[in-house]
Amino acid sequence: MAHLLGGENLTVSYATRTVLDGITLGLEEGDRIGMVGRNGDGKSTLMRLLALRSTPDSGRVTKRGDVNVGYLDQSDVLDGDLTVGAAIVGDQADYEWARNPRIREIMGGLVSDVDWHANVHALSGGQKRRVALAKLLIEDHDVIMLDEPTNHLDVEGVAWLARHLKTRWRANQGAFLVVTHDRWFLDEVCTKTWEVHDGIVDPFEGGYAAYVLARAERDRTASVVEGKRQQLVKKELAWLRRGAPARTAKPKFRIEAANALIADVPAPRDSMALSKMATARQGKDVLDLENVSLDFQGADDGRKLFDNITLRLAPGERLGLVGVNGAGKTTLLKLLNGEITPDAGKLKRGKTVVTAVLTQEVKELDDVADLRVIEVIEREKRSFNVGGKEFTAGQLVEQLGFTNQKQWTPVRDLSGGERRRLQLLRLLVGEPNVLMLDEPTNDLDTDTLAAVEDVLDGWPGTLVVVSHDRYLLERVTDHQMALLGDGKLRGLPGGVDQYLELREAALAGSTVTGGGNPVTSAGQAQAAGAVTGPSEAEKREARKALNRIERQIKKLDQQEKKLHDDMVKSTEKSDFDALARQNSQLKDLADEKDALELEWLEASELLGD
């Protein structure tokens with residue numbers, strides 16, 4: 001593969017902190033690279049350097065002379081006085097660009113619902129983002145660099161962008177580098193992953209899932225080395241305790257040796273281990289929207305945002321909401337929270353219900369902008385019960401990834417991801433039993449997202465999540481429902497894939513599967529599926545298949561555990577040939593397990609489980 005561009009010994013420092021420390025890497029033709037890492041660790045900085053949009057403190061970036069690089073920044077770079085058409089295609093007449101099928105496909109995928117003659121400054125943030133993305137994609141580039149391209153895109157837009165990038169070039173042509181927190185997108189389009197952390201970049205083969213597995217194996221190997229180091233530390237400290245007090249020279253040498261070992265401990269990553277916040281007791285009635293209708297704000301033509309919808313939330317239910325932009329997802333949360341009164345129908349609220357809403361704008365922190373992180377939480381309470389243990393406010397915020405130094409940072413100085421974390425923590429310490437999250441993945445890196453999902457896994461209340469992040473939806477919710485912009489609420493027994501099929505059918509002018517009847521959640525969402533179902537004989541076969549598959553998966557789990565133990569022993573013996581064989585066997589087991597899990601899902605869906 002031909003070399004396109006690269007960086008050599010790139011170093012960038014801010015004040016006393018080194019963000020990138022002597023990084024050397026490059027892009028070749030055919031590279032499809034996703035970049036991950038914590039907020040503030042240098043992903044965007046590295047991308048700007050490689051795109052020749054900024055200069056390193058030391059080192060250099062070189063590119064082949066004929067290579068054309070396209071770059072999408074996170075910030076708004078469009079001229080607000082231009083019309084949408086002028087911003088995208090410049091002075092070209094419609095017939096000029098419309099002759100190109102690739103440009104037509106990009107226009108249809110990103111800006112079909114945007115007013116071609118509107119000024120850019122009049123657009124919403126999401127529309128500006130899609131216009132900027134369309135402008136970039138219609139141009140001919142050898143390398144495309146995208147910094148958070150999925151921000152402000154709905155599920156449908158993210159799926160379209162993934163298809164476009166996968167088919168834009170032939171397999172060994174072109175290259176792209178993308179920074180995004182959307183893990184489904186990373187898995188769908190990337191064949192390599194760069195992890196930026198602690199001033200360095202670690203490369204991994206594969207998309208997000210492969211990266212997580214490889215990183216886990218790397219951490220496992222590191223833990224073996226750390227175990228040996230700790231044993232050595234114990235021996236050194238034991239020797240010090242036995243040393244005679246009068247022998248000063250030798251103990252001093254041993255103390256220095258022990259201190260050197262202890263100082264070699266790598267700094268731990270920020271972690272969030274908030275597993276179970278106490279919640280207010282929840283009765284059998286939670287929140288019910290009954291026959292609710294609501295007109296579009298400002299509409300005088302009788303159009304309805306919601307048309308006679310019914311939604312019943314059960315105790316402990318975990319519901320995901322998807323839909324086109326403007327279909328009313330955020331408004332639905334406001335109806336459930338009692339912030340908006342419907343034009344018709346009613347909200348029935350359980351007597352013990354305590355709600356909390358994580359909004360998109362993080363405005364809830366405006367009133368505490370001058371306070372420090374620890375002070376924000378101490379205003380709620382000074383001690384908390386988490387998983388049956390008592391924590392002080394300081395201990396709690398530290399578990400949520402705020403180090404001792406960060407705890408005393410004013411809220412106004414926090415990054416977007418840190419503000420999001422603090423906002424979520426502040427909601428949870430209020431002990432709600434109904435939690436509603438509106439696009440919770442905004443501004444969060446993949447590590448923090450995984451930690452948030454861990455929090456939500458252990459949270460015992462009712463959960464409603466609005467998100468375009470299908471990885472998150474499928475991870476933390478038990479079922480999904482859709483708003484398709486026609487005033488109806490539909491169940492999605494087939495998940496996000498079914499939603500995309502419904503949208504494709506609607507755009508093609510076909511009859512939308514599921515009809516327009518109002519449906520409710522907690523099992524009633526099944527009503528939106530096909531009318532006919534599997535026969536009893538098919539169900540019996542599916543149950544047999546489930547039992548068989550579960551037995552096979554259990555055996556594979558046992559084999560995996562044994563292989564992991566064998567790999568630890570091989571690592572201790574430095575037997576790298578054995579380690580390579582075992583790693584290959586582990587990959588084979590993973591492939592076999594993936595196939596079985598897919599078979600299990602198909603059988604489970606047939607049964608309606």
# chains A, B, ... in the order shown; residues from 1 in each chain; ligands from 1

$ residues_around --residues "Thr352 (chain A)" --least-positions-apart "4" --cutoff "12 Å" --atoms "only C-alpha atoms" --output "ChimeraX atom specification"
/A:279-287,315,431-434,461

$ residues_around --residues "Ile200 (chain A)" --least-positions-apart "4" --cutoff "7 Å" --atoms "only C-alpha atoms" --output "list in words"
Leu20, Asp21, Ile23 and Val196 of chain A

$ closest_residue --among "A:Leu289, A:Leu78, A:Ala451, A:Ile106" --to "Leu333 (chain A)" --atoms "only C-alpha atoms"
A:Leu289

$ decode --residues "region 334-358 of chain A" --atoms "N, CA, C and O atoms" --output "mmCIF file, in the first residue's frame"
data_model
loop_
_atom_site.group_PDB
_atom_site.id
_atom_site.type_symbol
_atom_site.label_atom_id
_atom_site.label_comp_id
_atom_site.auth_asym_id
_atom_site.auth_seq_id
_atom_site.Cartn_x
_atom_site.Cartn_y
_atom_site.Cartn_z
ATOM 1 N N LYS A 334 -40.388 15.644 27.966
ATOM 2 C CA LYS A 334 -40.978 16.759 28.725
ATOM 3 C C LYS A 334 -42.427 16.455 29.122
ATOM 4 O O LYS A 334 -42.883 16.843 30.203
ATOM 5 N N LEU A 335 -43.158 15.766 28.239
ATOM 6 C CA LEU A 335 -44.519 15.343 28.599
ATOM 7 C C LEU A 335 -44.491 14.372 29.777
ATOM 8 O O LEU A 335 -45.265 14.496 30.724
ATOM 9 N N LEU A 336 -43.570 13.401 29.722
ATOM 10 C CA LEU A 336 -43.463 12.424 30.811
ATOM 11 C C LEU A 336 -43.057 13.086 32.119
ATOM 12 O O LEU A 336 -43.453 12.648 33.210
ATOM 13 N N ASN A 337 -42.273 14.151 32.018
ATOM 14 C CA ASN A 337 -41.799 14.848 33.219
ATOM 15 C C ASN A 337 -42.780 15.903 33.709
ATOM 16 O O ASN A 337 -42.531 16.557 34.726
ATOM 17 N N GLY A 338 -43.883 16.091 32.979
ATOM 18 C CA GLY A 338 -44.889 17.061 33.405
ATOM 19 C C GLY A 338 -44.538 18.498 33.085
ATOM 20 O O GLY A 338 -45.185 19.424 33.585
ATOM 21 N N GLU A 339 -43.511 18.724 32.236
ATOM 22 C CA GLU A 339 -43.118 20.093 31.893
ATOM 23 C C GLU A 339 -44.034 20.688 30.837
ATOM 24 O O GLU A 339 -44.103 21.907 30.689
ATOM 25 N N ILE A 340 -44.695 19.832 30.054
ATOM 26 C CA ILE A 340 -45.602 20.275 28.988
ATOM 27 C C ILE A 340 -46.960 19.628 29.218
ATOM 28 O O ILE A 340 -47.042 18.440 29.573
ATOM 29 N N THR A 341 -48.012 20.408 29.011
ATOM 30 C CA THR A 341 -49.368 19.882 29.122
ATOM 31 C C THR A 341 -49.889 19.550 27.725
ATOM 32 O O THR A 341 -49.826 20.397 26.825
ATOM 33 N N PRO A 342 -50.384 18.331 27.495
ATOM 34 C CA PRO A 342 -50.861 17.965 26.153
ATOM 35 C C PRO A 342 -52.145 18.701 25.787
ATOM 36 O O PRO A 342 -52.885 19.154 26.663
ATOM 37 N N ASP A 343 -52.395 18.811 24.466
ATOM 38 C CA ASP A 343 -53.649 19.426 24.013
ATOM 39 C C ASP A 343 -54.831 18.516 24.307
ATOM 40 O O ASP A 343 -55.952 18.991 24.533
ATOM 41 N N ALA A 344 -54.588 17.219 24.280
ATOM 42 C CA ALA A 344 -55.633 16.243 24.603
ATOM 43 C C ALA A 344 -54.970 15.057 25.284
ATOM 44 O O ALA A 344 -53.778 14.805 25.120
ATOM 45 N N GLY A 345 -55.752 14.307 26.054
ATOM 46 C CA GLY A 345 -55.199 13.192 26.799
ATOM 47 C C GLY A 345 -54.611 13.651 28.121
ATOM 48 O O GLY A 345 -54.737 14.821 28.514
ATOM 49 N N LYS A 346 -53.984 12.726 28.830
ATOM 50 C CA LYS A 346 -53.479 13.102 30.162
ATOM 51 C C LYS A 346 -52.237 12.290 30.524
ATOM 52 O O LYS A 346 -51.946 11.234 29.936
ATOM 53 N N LEU A 347 -51.522 12.815 31.527
ATOM 54 C CA LEU A 347 -50.391 12.124 32.130
ATOM 55 C C LEU A 347 -50.824 11.615 33.498
ATOM 56 O O LEU A 347 -51.295 12.388 34.326
ATOM 57 N N LYS A 348 -50.664 10.324 33.722
ATOM 58 C CA LYS A 348 -50.958 9.738 35.023
ATOM 59 C C LYS A 348 -49.623 9.427 35.703
ATOM 60 O O LYS A 348 -48.788 8.711 35.153
ATOM 61 N N ARG A 349 -49.426 9.958 36.891
ATOM 62 C CA ARG A 349 -48.142 9.867 37.585
ATOM 63 C C ARG A 349 -48.323 9.132 38.907
ATOM 64 O O ARG A 349 -49.206 9.465 39.698
ATOM 65 N N GLY A 350 -47.481 8.127 39.141
ATOM 66 C CA GLY A 350 -47.531 7.390 40.391
ATOM 67 C C GLY A 350 -47.202 8.267 41.585
ATOM 68 O O GLY A 350 -46.426 9.223 41.473
ATOM 69 N N LYS A 351 -47.770 7.934 42.749
ATOM 70 C CA LYS A 351 -47.604 8.780 43.933
ATOM 71 C C LYS A 351 -46.155 8.845 44.406
ATOM 72 O O LYS A 351 -45.723 9.850 44.976
ATOM 73 N N THR A 352 -45.389 7.785 44.189
ATOM 74 C CA THR A 352 -44.017 7.741 44.715
ATOM 75 C C THR A 352 -42.964 8.103 43.670
ATOM 76 O O THR A 352 -41.771 7.985 43.931
ATOM 77 N N VAL A 353 -43.401 8.529 42.500
ATOM 78 C CA VAL A 353 -42.451 8.777 41.399
ATOM 79 C C VAL A 353 -41.600 10.022 41.666
ATOM 80 O O VAL A 353 -42.117 11.091 42.013
ATOM 81 N N VAL A 354 -40.292 9.855 41.513
ATOM 82 C CA VAL A 354 -39.336 10.969 41.575
ATOM 83 C C VAL A 354 -38.537 10.937 40.275
ATOM 84 O O VAL A 354 -37.785 9.994 40.032
ATOM 85 N N THR A 355 -38.712 11.946 39.425
ATOM 86 C CA THR A 355 -38.071 11.938 38.107
ATOM 87 C C THR A 355 -36.808 12.792 38.101
ATOM 88 O O THR A 355 -36.648 13.709 38.909
ATOM 89 N N ALA A 356 -35.927 12.464 37.169
ATOM 90 C CA ALA A 356 -34.736 13.280 36.904
ATOM 91 C C ALA A 356 -34.462 13.199 35.404
ATOM 92 O O ALA A 356 -34.566 12.125 34.817
ATOM 93 N N VAL A 357 -34.139 14.343 34.797
ATOM 94 C CA VAL A 357 -33.928 14.404 33.347
ATOM 95 C C VAL A 357 -32.541 14.956 33.053
ATOM 96 O O VAL A 357 -32.176 16.036 33.532
ATOM 97 N N LEU A 358 -31.774 14.212 32.275
ATOM 98 C CA LEU A 358 -30.486 14.691 31.759
ATOM 99 C C LEU A 358 -30.747 15.310 30.400
ATOM 100 O O LEU A 358 -31.032 14.613 29.429
#
